[in-house]
Amino acid sequence: MKRILTCRWLVAVLAASGGCQLAMASAMALPATQHVGPVTFVSGGVGLDESQALKEAMHNYPLVLEFAGRTSDGNKYLADVPVRIFDAHGKAILETSARGPFLLVSLPAGRYTVAASYGEKTEQRSVNVLPNGHVHQLFLWQM
């Protein structure tokens, strides 16, 4: 009986350490955080590891933007999407190019306008970021 308990304990320890290694691998795959004024953001998602790391980090950011193109074969993630975020007074508070299909943004609570472009088409969205909320916007262009 003691041997069975020891084996179960060993399996539990190994599983836990594997989970820690997986969490560390995800954190290592997360692109570098960038700062512009009061805005903190991270973008990317090209490659499976980076994409998974960003998906796991989404809950830490009040605004998540996702970029894809609709084709006859289904939706495809997009990269190098120019993005501008304006505050309620129309002042640009972030101008960047998303390095992959995900842009995770941490910014003060408030009302914002997000403009994202692909090719010659620009889409705009109004978003209301709450102090403890989470907004996820998908920008989907016909290709």
# chains A, B, ... in the order shown; residues from 1 in each chain; ligands from 1
>>> residues_around(residues="Lys121 (chain A)", least_positions_apart="6", cutoff="12 Å", atoms="only C-alpha atoms", output="PDB file with N, CA and C atoms, in the first residue's frame")
ATOM      1  N   GLY A  69      -8.679  37.438 -42.038  1.00  0.00           N
ATOM      2  CA  GLY A  69      -9.241  37.661 -43.360  1.00  0.00           C
ATOM      3  C   GLY A  69     -10.108  36.481 -43.738  1.00  0.00           C
ATOM      4  N   VAL A  81      -0.937  44.559 -39.299  1.00  0.00           N
ATOM      5  CA  VAL A  81      -2.162  45.351 -39.416  1.00  0.00           C
ATOM      6  C   VAL A  81      -1.949  46.676 -38.692  1.00  0.00           C
ATOM      7  N   PRO A  82      -1.999  47.812 -39.414  1.00  0.00           N
ATOM      8  CA  PRO A  82      -1.882  49.111 -38.740  1.00  0.00           C
ATOM      9  C   PRO A  82      -3.103  49.354 -37.849  1.00  0.00           C
ATOM     10  N   ALA A 115      -9.262  51.922 -34.836  1.00  0.00           N
ATOM     11  CA  ALA A 115      -9.247  51.853 -36.297  1.00  0.00           C
ATOM     12  C   ALA A 115      -8.147  50.887 -36.709  1.00  0.00           C
ATOM     13  N   PHE A 139     -11.613  41.858 -35.935  1.00  0.00           N
ATOM     14  CA  PHE A 139     -11.659  42.596 -37.194  1.00  0.00           C
ATOM     15  C   PHE A 139     -11.482  41.551 -38.293  1.00  0.00           C
ATOM     16  N   LEU A 140     -12.507  41.435 -39.144  1.00  0.00           N
ATOM     17  CA  LEU A 140     -12.524  40.395 -40.163  1.00  0.00           C
ATOM     18  C   LEU A 140     -12.761  41.037 -41.524  1.00  0.00           C
ATOM     19  N   TRP A 141     -11.780  40.941 -42.404  1.00  0.00           N
ATOM     20  CA  TRP A 141     -11.863  41.533 -43.730  1.00  0.00           C
ATOM     21  C   TRP A 141     -12.092  40.455 -44.773  1.00  0.00           C
ATOM     22  N   GLN A 142     -12.881  40.801 -45.792  1.00  0.00           N
ATOM     23  CA  GLN A 142     -13.079  39.920 -46.939  1.00  0.00           C
ATOM     24  C   GLN A 142     -11.831  40.011 -47.805  1.00  0.00           C
ATOM     25  N   MET A 143     -11.270  38.856 -48.150  1.00  0.00           N
ATOM     26  CA  MET A 143     -10.036  38.860 -48.957  1.00  0.00           C
ATOM     27  C   MET A 143     -10.326  38.429 -50.368  1.00  0.00           C
TER      28      MET A 143
END
>>> closest_atom_pairs(of="region 84-105 of chain A", to="region 49-65 of chain A", cutoff="10 Å", atoms="only C-alpha atoms", output="Markdown table")
| residue | atom | partner | partner_atom | distance |
| --- | --- | --- | --- | --- |
| A:Ala98 | CA | A:Leu65 | CA | 9.3 |
| A:Gly100 | CA | A:Ser51 | CA | 8.7 |
| A:Pro101 | CA | A:Leu65 | CA | 8.0 |
| A:Phe102 | CA | A:Leu65 | CA | 5.7 |
| A:Leu103 | CA | A:Leu65 | CA | 5.0 |
| A:Leu104 | CA | A:Val64 | CA | 4.6 |
| A:Val105 | CA | A:Leu63 | CA | 5.1 |
>>> closest_residue(among="A:Asp87, A:Glu66, A:Gln137, A:Lys76", to="Val39 (chain A)", atoms="only C-alpha atoms")
A:Asp87
>>> select_by_dssp(residues="chain A", states="strand (DSSP E or B)", output="MDAnalysis selection string")
chainID A and resid 34:36 39:44 63:71 74:77 81:86 92:98 102:106 110:118 121:129 135:142
>>> residues_around(residues="Arg125 (chain A)", least_positions_apart="6", cutoff="12 Å", atoms="only C-alpha atoms", output="list in words")
Leu65, Val83, Arg84, Ile85, Phe86, Arg111, Tyr112, Thr113, Val114, Ala115, Ala116, Ser117, Val135, His136, Gln137, Leu138 and Phe139 of chain A
>>> closest_residue(among="A:Pro38, A:Leu107, A:Pro31, A:Phe67", to="Thr122 (chain A)", atoms="only C-alpha atoms")
A:Phe67
>>> select_by_dssp(residues="region 22-126 of chain A", states="helix (DSSP H, G or I)", output="PyMOL selection string")
chain A and resi 22-29+48-60
